[in-house]
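> If it helps, the file is called protein_32.txt and holds compact mmCIF, C-alpha atoms:
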# COMPACT_ATOMS: atom_id res chain seq x y z
CA MET A 1 -7.22 191.81 98.42
CA THR A 2 -4.00 193.44 99.68
CA PRO A 3 -3.65 192.66 103.41
CA GLN A 4 -3.38 195.72 105.64
CA PRO A 5 -1.24 194.94 108.70
CA ASN A 6 -2.81 195.74 112.06
CA PRO A 7 -0.88 193.79 114.69
CA GLN A 8 -2.59 195.51 117.64
CA VAL A 9 -6.01 194.25 116.56
CA GLY A 10 -4.47 190.85 115.86
CA ALA A 11 -3.05 190.70 119.37
CA ALA A 12 -6.45 191.56 120.87
CA VAL A 13 -8.20 188.90 118.77
CA LYS A 14 -5.66 186.32 119.84
CA ALA A 15 -5.86 187.30 123.51
CA ALA A 16 -9.65 186.92 123.52
CA ASP A 17 -9.34 183.58 121.77
CA ARG A 18 -6.82 182.32 124.29
CA ALA A 19 -8.97 183.51 127.18
CA HIS A 20 -12.35 182.21 126.07
CA VAL A 21 -12.40 179.90 123.02
CA PHE A 22 -12.20 176.16 123.63
CA HIS A 23 -10.80 174.60 120.45
CA SER A 24 -11.75 171.21 119.04
CA TRP A 25 -9.37 168.23 118.83
CA SER A 26 -6.72 170.15 120.82
CA ALA A 27 -4.80 170.27 124.07
CA GLN A 28 -5.73 173.86 124.82
CA GLU A 29 -2.37 174.97 126.24
CA LEU A 30 -0.35 173.45 123.41
CA ILE A 31 -1.91 175.24 120.45
CA ASP A 32 -1.22 178.63 118.91
CA PRO A 33 -4.10 179.55 116.56
CA LEU A 34 -3.37 182.03 113.80
CA ALA A 35 -5.47 185.19 114.05
CA VAL A 36 -7.11 185.61 110.62
CA ALA A 37 -7.86 189.12 109.41
CA GLY A 38 -9.62 188.29 106.14
CA ALA A 39 -9.99 186.02 103.15
CA GLU A 40 -10.94 186.22 99.50
CA GLY A 41 -10.94 183.62 96.75
CA SER A 42 -8.17 181.08 97.34
CA TYR A 43 -6.27 183.22 99.89
CA PHE A 44 -6.48 184.35 103.50
CA TRP A 45 -4.25 186.63 105.55
CA ASP A 46 -3.31 187.48 109.12
CA TYR A 47 -3.05 190.78 110.99
CA ASP A 48 0.68 191.02 110.31
CA GLY A 49 0.03 191.19 106.58
CA ASN A 50 1.09 187.63 105.77
CA ARG A 51 -0.98 186.15 102.95
CA TYR A 52 -1.47 182.39 102.45
CA LEU A 53 -2.68 180.37 99.49
CA ASP A 54 -5.16 177.97 101.09
CA PHE A 55 -4.50 174.43 99.89
CA THR A 56 -6.89 173.15 102.59
CA SER A 57 -10.12 174.89 101.48
CA GLY A 58 -10.76 175.56 105.18
CA LEU A 59 -11.51 171.98 106.21
CA VAL A 60 -12.11 170.99 102.59
CA PHE A 61 -15.31 172.99 102.33
CA THR A 62 -14.64 176.31 100.55
CA ASN A 63 -15.22 174.70 97.16
CA ILE A 64 -15.86 178.10 95.56
CA GLY A 65 -13.30 179.94 97.70
CA TYR A 66 -13.85 182.66 100.27
CA GLN A 67 -16.27 185.59 99.97
CA HIS A 68 -17.76 184.80 96.59
CA PRO A 69 -19.79 187.97 95.93
CA LYS A 70 -22.86 186.20 94.52
CA VAL A 71 -23.18 183.95 97.57
CA VAL A 72 -22.54 186.81 99.99
CA ALA A 73 -25.27 188.80 98.21
CA ALA A 74 -27.69 185.86 98.39
CA ILE A 75 -27.18 185.58 102.15
CA GLN A 76 -27.72 189.32 102.55
CA GLU A 77 -30.90 189.23 100.47
CA GLN A 78 -32.27 186.28 102.39
CA ALA A 79 -31.49 187.96 105.71
CA ALA A 80 -33.41 191.03 104.57
CA SER A 81 -36.52 189.04 103.62
CA LEU A 82 -36.70 186.04 106.01
CA THR A 83 -33.75 185.46 108.30
CA THR A 84 -35.03 182.27 109.91
CA PHE A 85 -38.11 180.08 110.15
CA ALA A 86 -39.05 176.80 111.80
CA PRO A 87 -38.40 173.60 109.79
CA ALA A 88 -42.05 172.43 109.73
CA PHE A 89 -42.96 175.08 107.16
CA ALA A 90 -42.37 175.27 103.42
CA VAL A 91 -39.87 178.06 102.75
CA GLU A 92 -38.72 179.09 99.27
CA ALA A 93 -34.98 178.92 99.94
CA ARG A 94 -35.35 175.51 101.59
CA SER A 95 -37.51 174.06 98.82
CA GLU A 96 -35.24 175.40 96.07
CA ALA A 97 -32.08 174.11 97.74
CA ALA A 98 -33.64 170.65 98.07
CA ARG A 99 -34.72 170.71 94.42
CA LEU A 100 -31.29 171.72 93.15
CA ILE A 101 -29.54 169.08 95.27
CA ALA A 102 -31.97 166.33 94.24
CA GLU A 103 -31.44 167.20 90.57
CA ARG A 104 -27.76 166.37 90.96
CA THR A 105 -27.80 163.32 93.21
CA PRO A 106 -27.55 159.94 91.47
CA GLY A 107 -30.53 157.62 90.96
CA ASP A 108 -33.73 158.26 92.88
CA LEU A 109 -32.19 160.12 95.83
CA ASP A 110 -34.89 162.75 95.50
CA LYS A 111 -35.86 163.53 99.10
CA ILE A 112 -33.58 165.77 101.15
CA PHE A 113 -33.41 165.88 104.95
CA PHE A 114 -31.45 168.95 106.03
CA THR A 115 -29.04 169.04 108.97
CA ASN A 116 -26.52 171.57 110.27
CA GLY A 117 -23.47 169.63 109.11
CA GLY A 118 -21.94 166.33 108.12
CA ALA A 119 -21.89 164.56 111.47
CA GLU A 120 -25.61 165.16 111.98
CA ALA A 121 -26.20 163.91 108.44
CA VAL A 122 -24.42 160.65 109.31
CA GLU A 123 -26.36 160.37 112.57
CA ASN A 124 -29.68 160.67 110.74
CA ALA A 125 -28.72 158.44 107.82
CA THR A 126 -27.77 155.72 110.29
CA ARG A 127 -31.04 156.19 112.18
CA MET A 128 -33.02 155.97 108.94
CA ALA A 129 -31.24 152.76 107.94
CA ARG A 130 -31.87 151.15 111.31
CA LEU A 131 -35.54 152.07 111.32
CA HIS A 132 -36.00 151.02 107.69
CA THR A 133 -34.46 147.57 108.23
CA GLY A 134 -35.33 146.93 111.87
CA ARG A 135 -31.68 145.96 112.39
CA HIS A 136 -29.00 147.53 114.56
CA LYS A 137 -25.43 146.88 113.36
CA VAL A 138 -23.62 149.22 110.98
CA LEU A 139 -20.38 148.34 109.20
CA SER A 140 -17.76 150.99 108.43
CA ALA A 141 -14.14 151.08 107.33
CA TYR A 142 -11.11 151.53 109.58
CA ARG A 143 -9.59 154.25 107.39
CA SER A 144 -12.50 156.67 107.61
CA TYR A 145 -13.90 159.76 109.26
CA HIS A 146 -17.65 160.30 109.63
CA GLY A 147 -17.96 163.03 112.27
CA ALA A 148 -17.67 163.76 115.97
CA THR A 149 -21.20 163.19 117.29
CA SER A 150 -22.10 160.01 119.15
CA THR A 151 -22.85 157.54 116.34
CA ALA A 152 -20.64 159.28 113.78
CA ILE A 153 -17.54 159.11 115.97
CA ASN A 154 -18.11 155.41 116.60
CA LEU A 155 -18.41 154.85 112.85
CA THR A 156 -15.13 156.71 112.34
CA GLY A 157 -12.09 154.52 111.89
CA ASP A 158 -9.23 156.87 112.77
CA PRO A 159 -7.76 157.48 116.26
CA ARG A 160 -10.17 160.31 117.05
CA ARG A 161 -12.68 157.55 117.77
CA TRP A 162 -10.68 155.90 120.51
CA PRO A 163 -11.54 158.12 123.53
CA SER A 164 -15.28 157.94 122.77
CA ASP A 165 -15.64 154.32 121.65
CA GLN A 166 -17.17 152.17 124.36
CA GLY A 167 -17.87 149.27 122.01
CA ALA A 168 -21.63 149.55 122.49
CA ALA A 169 -22.76 151.47 119.40
CA GLY A 170 -23.47 148.49 117.17
CA VAL A 171 -20.54 149.39 114.90
CA VAL A 172 -18.30 146.80 113.23
CA HIS A 173 -15.19 147.96 111.39
CA PHE A 174 -13.64 146.29 108.35
CA TRP A 175 -10.76 146.91 105.94
CA ALA A 176 -11.60 148.81 102.77
CA PRO A 177 -9.23 148.57 99.78
CA PHE A 178 -5.95 150.51 99.82
CA LEU A 179 -3.39 148.94 97.53
CA TYR A 180 -0.39 151.01 98.68
CA ARG A 181 -0.79 149.65 102.23
CA SER A 182 -2.85 146.58 101.41
CA PRO A 183 -4.01 144.51 104.38
CA PHE A 184 -4.64 141.72 101.86
CA TYR A 185 -1.09 141.48 100.43
CA SER A 186 -2.43 142.36 97.00
CA GLU A 187 -0.17 143.19 94.08
CA THR A 188 -2.73 144.67 91.68
CA GLU A 189 -5.86 146.79 91.94
CA GLN A 190 -7.93 143.85 90.71
CA GLN A 191 -6.57 141.63 93.48
CA GLU A 192 -7.18 144.36 96.05
CA CYS A 193 -10.76 144.77 94.88
CA GLU A 194 -11.50 141.05 94.91
CA ARG A 195 -9.86 140.43 98.28
CA ALA A 196 -11.45 143.46 99.91
CA LEU A 197 -14.88 142.37 98.74
CA GLN A 198 -14.27 138.82 99.98
CA HIS A 199 -13.17 140.22 103.35
CA LEU A 200 -16.33 142.33 103.54
CA GLU A 201 -18.51 139.39 102.57
CA ASP A 202 -16.85 137.24 105.24
CA THR A 203 -17.44 139.99 107.80
CA ILE A 204 -21.12 140.13 106.86
CA VAL A 205 -21.47 136.34 107.12
CA PHE A 206 -19.77 136.12 110.51
CA GLU A 207 -21.63 139.13 111.94
CA GLY A 208 -24.96 137.75 110.69
CA PRO A 209 -26.55 139.44 107.65
CA ALA A 210 -29.93 139.69 109.40
CA THR A 211 -28.35 141.86 112.13
CA ILE A 212 -26.78 144.44 109.79
CA ALA A 213 -28.73 147.60 108.99
CA ALA A 214 -26.18 149.41 106.86
CA ILE A 215 -22.73 149.64 105.39
CA ILE A 216 -21.34 153.18 105.30
CA LEU A 217 -18.37 154.23 103.20
CA GLU A 218 -16.86 157.52 102.19
CA THR A 219 -17.06 157.25 98.41
CA VAL A 220 -13.48 158.55 98.34
CA PRO A 221 -12.15 158.68 101.91
CA GLY A 222 -11.07 162.21 102.81
CA THR A 223 -9.12 162.88 105.98
CA ALA A 224 -8.07 159.23 106.13
CA GLY A 225 -6.01 159.57 102.97
CA ILE A 226 -7.95 160.13 99.71
CA MET A 227 -7.78 156.47 98.65
CA THR A 228 -9.74 156.21 95.41
CA PRO A 229 -11.50 152.82 95.36
CA PRO A 230 -10.41 150.30 92.71
CA PRO A 231 -12.71 149.71 89.75
CA GLY A 232 -15.60 147.45 90.68
CA TYR A 233 -15.32 147.79 94.46
CA LEU A 234 -18.29 150.07 95.12
CA GLN A 235 -20.43 148.09 92.67
CA GLY A 236 -19.42 144.98 94.60
CA VAL A 237 -20.49 146.55 97.89
CA ARG A 238 -23.79 147.54 96.28
CA GLU A 239 -24.34 143.92 95.22
CA LEU A 240 -23.58 142.60 98.72
CA CYS A 241 -26.04 145.10 100.21
CA ASP A 242 -28.75 144.11 97.72
CA ARG A 243 -28.18 140.42 98.36
CA HIS A 244 -28.55 140.76 102.13
CA GLY A 245 -31.11 143.56 102.40
CA ILE A 246 -28.53 145.98 103.82
CA VAL A 247 -28.81 149.75 103.33
CA PHE A 248 -25.84 151.22 101.45
CA ILE A 249 -24.82 154.68 102.72
CA LEU A 250 -22.26 156.79 100.87
CA ASP A 251 -20.71 159.62 102.85
CA GLU A 252 -20.03 162.49 100.43
CA VAL A 253 -19.60 165.18 103.06
CA MET A 254 -16.07 165.93 101.83
CA ALA A 255 -16.07 164.39 98.35
CA GLY A 256 -19.34 165.92 97.14
CA PHE A 257 -20.20 169.07 95.23
CA GLY A 258 -17.40 169.17 92.71
CA ARG A 259 -14.45 168.16 94.85
CA THR A 260 -13.60 165.12 92.70
CA GLY A 261 -14.43 166.74 89.36
CA LYS A 262 -18.01 165.42 89.39
CA TRP A 263 -21.01 166.73 91.31
CA PHE A 264 -20.68 163.63 93.49
CA ALA A 265 -17.84 161.14 93.67
CA ALA A 266 -20.36 158.31 93.18
CA ASP A 267 -20.72 159.54 89.59
CA HIS A 268 -17.18 158.29 88.87
CA TYR A 269 -18.09 154.75 89.88
CA ASP A 270 -21.56 154.29 88.42
CA VAL A 271 -23.07 153.40 91.79
CA VAL A 272 -26.26 154.58 93.50
CA PRO A 273 -26.51 154.27 97.29
CA ASP A 274 -29.72 154.11 99.31
CA LEU A 275 -28.71 157.14 101.37
CA MET A 276 -26.09 159.80 100.71
CA THR A 277 -24.79 162.32 103.24
CA PHE A 278 -23.52 165.75 102.25
CA ALA A 279 -22.38 169.05 103.80
CA LYS A 280 -19.29 171.26 103.35
CA GLY A 281 -19.24 172.10 99.63
CA VAL A 282 -23.04 172.31 99.33
CA ASN A 283 -22.70 176.02 100.15
CA SER A 284 -18.92 176.32 100.50
CA GLY A 285 -19.33 176.39 104.26
CA TYR A 286 -20.64 179.97 104.26
CA VAL A 287 -23.48 179.03 106.64
CA PRO A 288 -23.58 175.60 108.34
CA LEU A 289 -25.60 173.09 106.28
CA GLY A 290 -25.64 169.36 105.69
CA GLY A 291 -28.14 166.72 104.84
CA VAL A 292 -29.18 163.27 103.73
CA ALA A 293 -30.36 162.46 100.22
CA ILE A 294 -32.91 159.65 100.54
CA SER A 295 -34.01 156.95 98.10
CA GLY A 296 -37.65 156.36 97.28
CA ALA A 297 -37.81 153.07 99.17
CA ILE A 298 -36.51 154.56 102.40
CA ALA A 299 -38.61 157.71 102.02
CA ASP A 300 -41.67 155.46 101.65
CA THR A 301 -40.90 153.87 105.03
CA PHE A 302 -41.79 157.20 106.58
CA GLY A 303 -44.73 157.99 104.33
CA ARG A 304 -47.27 157.20 107.06
CA ARG A 305 -44.89 156.47 109.88
CA PRO A 306 -43.35 159.52 111.56
CA TYR A 307 -39.61 159.88 111.24
CA PRO A 308 -38.37 160.24 114.84
CA GLY A 309 -35.73 162.88 114.28
CA GLY A 310 -35.39 166.60 113.69
CA LEU A 311 -33.33 169.71 114.27
CA THR A 312 -34.35 173.22 115.24
CA TYR A 313 -32.36 174.70 112.38
CA SER A 314 -33.04 172.02 109.76
CA GLY A 315 -33.02 173.75 106.39
CA HIS A 316 -32.17 177.16 107.85
CA PRO A 317 -33.14 179.83 105.29
CA LEU A 318 -29.75 181.58 105.34
CA ALA A 319 -27.90 178.30 104.82
CA CYS A 320 -30.27 177.17 102.09
CA ALA A 321 -30.06 180.51 100.29
CA ALA A 322 -26.29 180.12 100.36
CA ALA A 323 -26.67 176.60 98.91
CA VAL A 324 -28.90 177.82 96.09
CA ALA A 325 -26.44 180.56 95.21
CA THR A 326 -23.45 178.23 95.48
CA ILE A 327 -24.95 175.58 93.20
CA ASN A 328 -25.94 178.23 90.67
CA VAL A 329 -22.43 179.75 90.79
CA MET A 330 -20.91 176.31 90.24
CA GLU A 331 -23.07 175.84 87.17
CA GLU A 332 -22.54 179.33 85.75
CA GLU A 333 -18.79 179.38 86.33
CA ARG A 334 -18.21 175.71 85.43
CA VAL A 335 -16.55 175.05 88.77
CA VAL A 336 -16.99 171.27 88.59
CA GLU A 337 -15.48 171.22 85.12
CA ASN A 338 -12.57 173.37 86.35
CA ALA A 339 -11.86 170.88 89.14
CA ALA A 340 -11.88 168.00 86.68
CA HIS A 341 -9.77 169.79 84.06
CA LEU A 342 -7.05 171.17 86.34
CA GLY A 343 -6.93 167.94 88.32
CA GLU A 344 -6.31 165.90 85.19
CA THR A 345 -4.08 168.26 83.22
CA LEU A 346 -2.14 170.19 85.87
CA ILE A 347 -2.31 169.09 89.48
CA GLY A 348 -2.19 165.32 88.98
CA PRO A 349 0.73 165.42 86.50
CA ALA A 350 2.62 167.99 88.61
CA LEU A 351 2.25 165.94 91.79
CA ARG A 352 3.46 162.80 90.02
CA GLU A 353 6.47 164.76 88.76
CA LEU A 354 7.18 165.90 92.31
CA ALA A 355 7.05 162.27 93.42
CA GLU A 356 9.73 161.38 90.89
CA ARG A 357 12.04 164.12 92.18
CA HIS A 358 11.39 163.91 95.93
CA PRO A 359 12.39 160.65 97.62
CA SER A 360 10.04 161.40 100.54
CA VAL A 361 6.94 161.08 98.33
CA GLY A 362 5.93 157.43 98.37
CA GLU A 363 2.65 157.70 96.49
CA VAL A 364 0.41 160.27 94.81
CA ARG A 365 -3.32 159.54 94.54
CA GLY A 366 -6.50 161.44 93.87
CA LEU A 367 -8.69 163.13 91.27
CA GLY A 368 -10.24 166.53 90.66
CA MET A 369 -9.23 168.86 93.50
CA PHE A 370 -8.79 165.94 95.89
CA TRP A 371 -5.19 164.66 96.16
CA ALA A 372 -2.89 163.12 98.75
CA LEU A 373 0.87 162.70 98.95
CA GLU A 374 2.02 159.84 101.15
CA LEU A 375 5.33 160.84 102.73
CA VAL A 376 7.75 158.05 103.65
CA LYS A 377 11.17 157.45 105.15
CA ASP A 378 11.99 154.83 102.53
CA LYS A 379 10.26 154.35 99.17
CA ALA A 380 11.19 150.66 99.07
CA THR A 381 9.83 149.71 102.50
CA ARG A 382 7.06 152.37 102.46
CA GLU A 383 7.76 153.17 106.12
CA PRO A 384 5.74 156.32 106.93
CA LEU A 385 7.71 159.52 107.48
CA THR A 386 6.11 159.67 110.94
CA PRO A 387 4.57 156.85 113.00
CA TYR A 388 0.81 156.31 112.98
CA ASN A 389 -0.92 159.01 115.06
CA ALA A 390 2.43 160.60 115.96
CA ALA A 391 2.61 163.64 118.25
CA GLY A 392 5.32 165.81 119.74
CA ALA A 393 8.90 164.96 118.78
CA ALA A 394 7.76 161.93 116.78
CA ASN A 395 5.84 164.28 114.48
CA ALA A 396 8.80 166.61 113.89
CA PRO A 397 9.24 165.79 110.18
CA MET A 398 5.67 166.70 109.30
CA ALA A 399 5.80 169.79 111.53
CA ALA A 400 8.95 170.94 109.74
CA PHE A 401 7.35 170.30 106.36
CA GLY A 402 4.30 172.34 107.38
CA ALA A 403 6.42 175.22 108.67
CA ALA A 404 8.37 175.32 105.40
CA ALA A 405 5.16 175.46 103.37
CA LYS A 406 3.77 178.32 105.46
CA LYS A 407 7.05 180.22 105.19
CA ASN A 408 6.56 180.14 101.42
CA GLY A 409 2.96 181.40 101.65
CA LEU A 410 1.20 178.03 101.34
CA TRP A 411 -1.21 176.78 104.02
CA PRO A 412 -1.01 172.97 103.78
CA PHE A 413 -3.42 170.24 104.82
CA ILE A 414 -1.49 167.76 106.96
CA ASN A 415 -2.77 164.55 108.52
CA MET A 416 -0.36 162.01 109.98
CA ASN A 417 2.33 161.30 107.34
CA ARG A 418 0.38 162.84 104.47
CA THR A 419 -0.20 166.21 102.92
CA HIS A 420 -3.41 166.66 100.98
CA VAL A 421 -3.71 169.01 98.02
CA VAL A 422 -7.29 170.27 98.26
CA PRO A 423 -7.54 173.87 97.02
CA PRO A 424 -10.86 175.49 96.14
CA CYS A 425 -12.48 173.83 93.13
CA ASN A 426 -12.39 177.16 91.28
CA VAL A 427 -8.66 177.70 91.88
CA THR A 428 -6.99 179.25 88.85
CA GLU A 429 -4.15 177.69 86.90
CA ALA A 430 -1.79 180.42 88.11
CA GLU A 431 -2.79 179.90 91.74
CA ALA A 432 -2.38 176.14 91.44
CA LYS A 433 1.12 176.56 89.97
CA GLU A 434 2.02 178.97 92.77
CA GLY A 435 0.95 176.42 95.38
CA LEU A 436 2.72 173.56 93.67
CA ALA A 437 5.96 175.55 93.58
CA ALA A 438 5.72 176.21 97.33
CA LEU A 439 4.91 172.54 97.91
CA ASP A 440 8.00 171.58 95.91
CA GLU A 441 10.22 173.62 98.24
CA ALA A 442 8.56 172.26 101.39
CA LEU A 443 9.05 168.67 100.23
CA THR A 444 12.80 169.31 100.16
CA VAL A 445 12.55 169.71 103.94
CA ALA A 446 10.68 166.41 104.20
CA ASP A 447 13.40 164.75 102.08
CA GLY A 448 15.91 165.65 104.80
CA TYR A 449 14.14 163.38 107.31
CA MET A 450 14.42 160.20 105.28
CA ALA A 451 16.18 157.18 106.73
What would you get if you wrote out this structure as structure tokens?

Amino acid sequence: MTPQPNPQVGAAVKAADRAHVFHSWSAQELIDPLAVAGAEGSYFWDYDGNRYLDFTSGLVFTNIGYQHPKVVAAIQEQAASLTTFAPAFAVEARSEAARLIAERTPGDLDKIFFTNGGAEAVENATRMARLHTGRHKVLSAYRSYHGATSTAINLTGDPRRWPSDQGAAGVVHFWAPFLYRSPFYSETEQQECERALQHLEDTIVFEGPATIAAIILETVPGTAGIMTPPPGYLQGVRELCDRHGIVFILDEVMAGFGRTGKWFAADHYDVVPDLMTFAKGVNSGYVPLGGVAISGAIADTFGRRPYPGGLTYSGHPLACAAAVATINVMEEERVVENAAHLGETLIGPALRELAERHPSVGEVRGLGMFWALELVKDKATREPLTPYNAAGAANAPMAAFGAAAKKNGLWPFINMNRTHVVPPCNVTEAEAKEGLAALDEALTVADGYMA
């Protein structure tokens, strides 16, 4: 795993990227992508020989790290026997992946519709809910991210929605609970739960319950800030959905497959949705795969009525073989248990200790391998270290923090005024301590930008 510098190759890779690759979410002339030479476990490196501990897990998907040999071997073996096949057929890798996923989903979510990723999973879950209920509206939270395809981006609550939102997608946004920045002026988690549920109920009443097909929530919101819901909130949403005949969709694209220290984040809250979306950690992102886990009632809707949706690569054999191997690795190596244990005994306590020493850390929240640090200018007023959706000079404090982390060999996850601590779920104790030490130094830079 020792990086071998080769700057000439790195320069050629970067030149080709600059000439031909159109990057997502970016002003093309203002970005400077790092040319990556390789990766293994919790680390990756560039062509200059710089090695980084990845506290982003890619985009929070390498739950078992990079290049796990058992998953690489499974992909190779599948490629040698059946590289691809159309989705209308029964294929061993596809059937086994569905079985293993269904065994771990809560309740009766026993049917699996495969997609190529999380956004397509959200698209199809929404379509299923609308067809099942005969209704059109879908409610989603402002602090959320559900994907970049047509319906998914409209369901998203963060600013990436704005350029694509024409107000015609049947989406209604509401405020989910977030005590640190409560829109309900709550002082306790119980108040926040009660007031958030009342706000949601009021929204349902004023929108018309008979017009609402679904409510979709990230069980634990990811990119929007890793806000763990207060006790009783998700059960309250489940009750509202049951009362009004609304489909309850949980988006576990980021939170699923061990990220929170359980197979699914819903397991922490004793709640069973009607539909659950997944992707990312299902096979550690080695080959694109996502899907929808479907309840018996919704599956029955399409028992004799064709489901009007499909994808050429639904349940692709290579992706499904990677999922089978990943799930088996997670069981054999106790990856979910590792995420829970280190989250509770090492990462959580260490981050809270950092918050006590660094005035720029306003709040620490999370569980498992899923944590966020809210960086502020003033702990008393909770003013964010950078303005909402800041760019350019306004984002200088977070840019400086990120540069300091990278200088110390840590690749950080940064979104707005937050840094997320989301290493692979099988990160070792030594690796976690290494990353936390680098984070400690970088936070000193953030401290220098306080009011």
> Excluding Glu363 of chain A and its own-chain neighbours fewer than 5 positions away, which residues fall within 8 Å of it when counting all atoms listed in the file? Please give them as a PyMOL selection string.
chain A and resi 180+355+373-375
> Nearest to Ala121 of chain A among A:Asp46, A:Glu331, A:Asp165, A:Asp251, with distances taken over all atoms listed in the file: which residue is it?
A:Asp251
> For Phe61 of chain A, which residue out of A:Gly258, A:Gly225, A:Gly38, A:Pro33 is the nearest one, using all atoms listed in the file?
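Ranking A:Gly258, A:Gly225, A:Gly38, A:Pro33 by distance to Phe61 of chain A, first place goes to A:Gly258.
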> Can you tell me, as a list in words, which residues sit within 7 Å of (-7.4, 147.7, 95.3) in the file's frame, using only C-alpha atoms?
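The residues that fall inside the cut-off are Pro177, Phe178, Leu179, Thr188, Glu189, Gln190, Gln191, Glu192, Cys193, Pro229 and Pro230 of chain A.
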> Using all atoms listed in the file, give me every residue within 10 Å of (-34.9, 156.8, 96.2) in file coordinates, as JSON, numbers by chain.
{"A": [106, 107, 108, 109, 110, 111, 272, 273, 274, 275, 293, 294, 295, 296, 297, 298, 299, 300]}
> In Å to one decimal, how far is atom CA of Tyr142 of chain A from atom CA of His199 of chain A?
13.1 Å
> Just how far from atom CA of Ala79 of chain A is atom CA of Ala97 of chain A, in Å to one decimal?
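Atom CA of Ala79 of chain A lies 16.0 Å from atom CA of Ala97 of chain A.
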> Please measure the separation of atom CA of Gly368 of chain A and atom CA of Glu337 of chain A, giving the value in Å to one decimal.
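Interatomic distance, atom CA of Gly368 of chain A to atom CA of Glu337 of chain A: 9.0 Å.
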> A:Ser42, A:Ala380, A:Asn426, A:Pro359: which is nearest Leu443 of chain A, counting all atoms listed in the file?
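The closest residue to Leu443 of chain A is A:Pro359.
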> Do you know which residues are at most 10 Å from Thr228 of chain A counting all atoms listed in the file, after dropping those on the same chain fewer than 5 positions away, and could you put them as a PyMOL selection string?
chain A and resi 177-179+218-222+265+365-367+370-371
> Considering only C-alpha atoms, can you say which of A:Ala11, A:Ile212, A:Val282, A:Val172 comes closest to Val36 of chain A?
A:Ala11
> Write out as a VMD selection string each polymer residue whose atoms come within 7 Å of Phe174 of chain A, counting all atoms listed in the file; drop sequence neighbours fewer than 3 positions from it.
chain A and resid 140 to 142 200
> So which one's closest to His146 of chain A, A:Ala432, A:Ala93, A:Ile216, A:Ala15? Using all atoms listed in the file, please.
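With all atoms listed in the file as the atom set, the closest residue is A:Ile216.
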> If you count all atoms listed in the file, which residues fall within 10 Å of Thr381 of chain A, apart from same-chain ones fewer than 4 positions away, as a ChimeraX atom specification?
/A:362,376-377
> Of the candidates A:Thr223, A:Ser182, A:Asn395, A:Thr62, which shows the shortest atom-to-atom distance to Arg259 of chain A, using only C-alpha atoms?
A:Thr62
> Can you tell me, as JSON, numbers by chain, what residues are no more than 9 Å from Ala125 of chain A when counting all atoms listed in the file, ignoring any on the same chain fewer than 5 positions away?
{"A": [120, 130, 249, 275, 276, 277, 291, 292, 293, 294]}
> Hey, can I get the axis-aligned box for segment 4-16 of chain A? All listed atoms, 5 Å padding on each side, centre and edge lengths in Å to one decimal, as JSON.

{"center_x": -5.3, "center_y": 191.0, "center_z": 114.6, "size_x": 18.8, "size_y": 19.4, "size_z": 27.9}
> Copy segment 157-164 of chain A out of the block into a file, keeping N, CA, C and O atoms, as an mmCIF file, in the first residue's frame.

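The resulting file, part.cif, is shown below:
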data_model
loop_
_atom_site.group_PDB
_atom_site.id
_atom_site.type_symbol
_atom_site.label_atom_id
_atom_site.label_comp_id
_atom_site.auth_asym_id
_atom_site.auth_seq_id
_atom_site.Cartn_x
_atom_site.Cartn_y
_atom_site.Cartn_z
ATOM 1 N N GLY A 157 -34.201 18.905 -0.400
ATOM 2 C CA GLY A 157 -34.469 20.180 0.253
ATOM 3 C C GLY A 157 -33.340 21.180 0.163
ATOM 4 O O GLY A 157 -33.545 22.365 0.409
ATOM 5 N N ASP A 158 -32.129 20.731 -0.179
ATOM 6 C CA ASP A 158 -30.998 21.670 -0.124
ATOM 7 C C ASP A 158 -30.896 22.478 -1.419
ATOM 8 O O ASP A 158 -31.648 22.256 -2.371
ATOM 9 N N PRO A 159 -29.974 23.448 -1.489
ATOM 10 C CA PRO A 159 -29.935 24.374 -2.632
ATOM 11 C C PRO A 159 -29.672 23.733 -3.986
ATOM 12 O O PRO A 159 -29.897 24.385 -5.013
ATOM 13 N N ARG A 160 -29.202 22.500 -4.023
ATOM 14 C CA ARG A 160 -29.007 21.859 -5.322
ATOM 15 C C ARG A 160 -30.320 21.678 -6.061
ATOM 16 O O ARG A 160 -30.340 21.465 -7.275
ATOM 17 N N ARG A 161 -31.426 21.768 -5.347
ATOM 18 C CA ARG A 161 -32.744 21.671 -5.978
ATOM 19 C C ARG A 161 -33.099 22.918 -6.773
ATOM 20 O O ARG A 161 -33.795 22.835 -7.795
ATOM 21 N N TRP A 162 -32.665 24.059 -6.327
ATOM 22 C CA TRP A 162 -33.188 25.322 -6.821
ATOM 23 C C TRP A 162 -33.172 25.476 -8.346
ATOM 24 O O TRP A 162 -34.184 25.886 -8.939
ATOM 25 N N PRO A 163 -32.058 25.180 -9.049
ATOM 26 C CA PRO A 163 -32.069 25.400 -10.505
ATOM 27 C C PRO A 163 -33.025 24.486 -11.267
ATOM 28 O O PRO A 163 -33.398 24.795 -12.405
ATOM 29 N N SER A 164 -33.425 23.373 -10.667
ATOM 30 C CA SER A 164 -34.256 22.395 -11.372
ATOM 31 C C SER A 164 -35.703 22.377 -10.909
ATOM 32 O O SER A 164 -36.523 21.658 -11.487
#
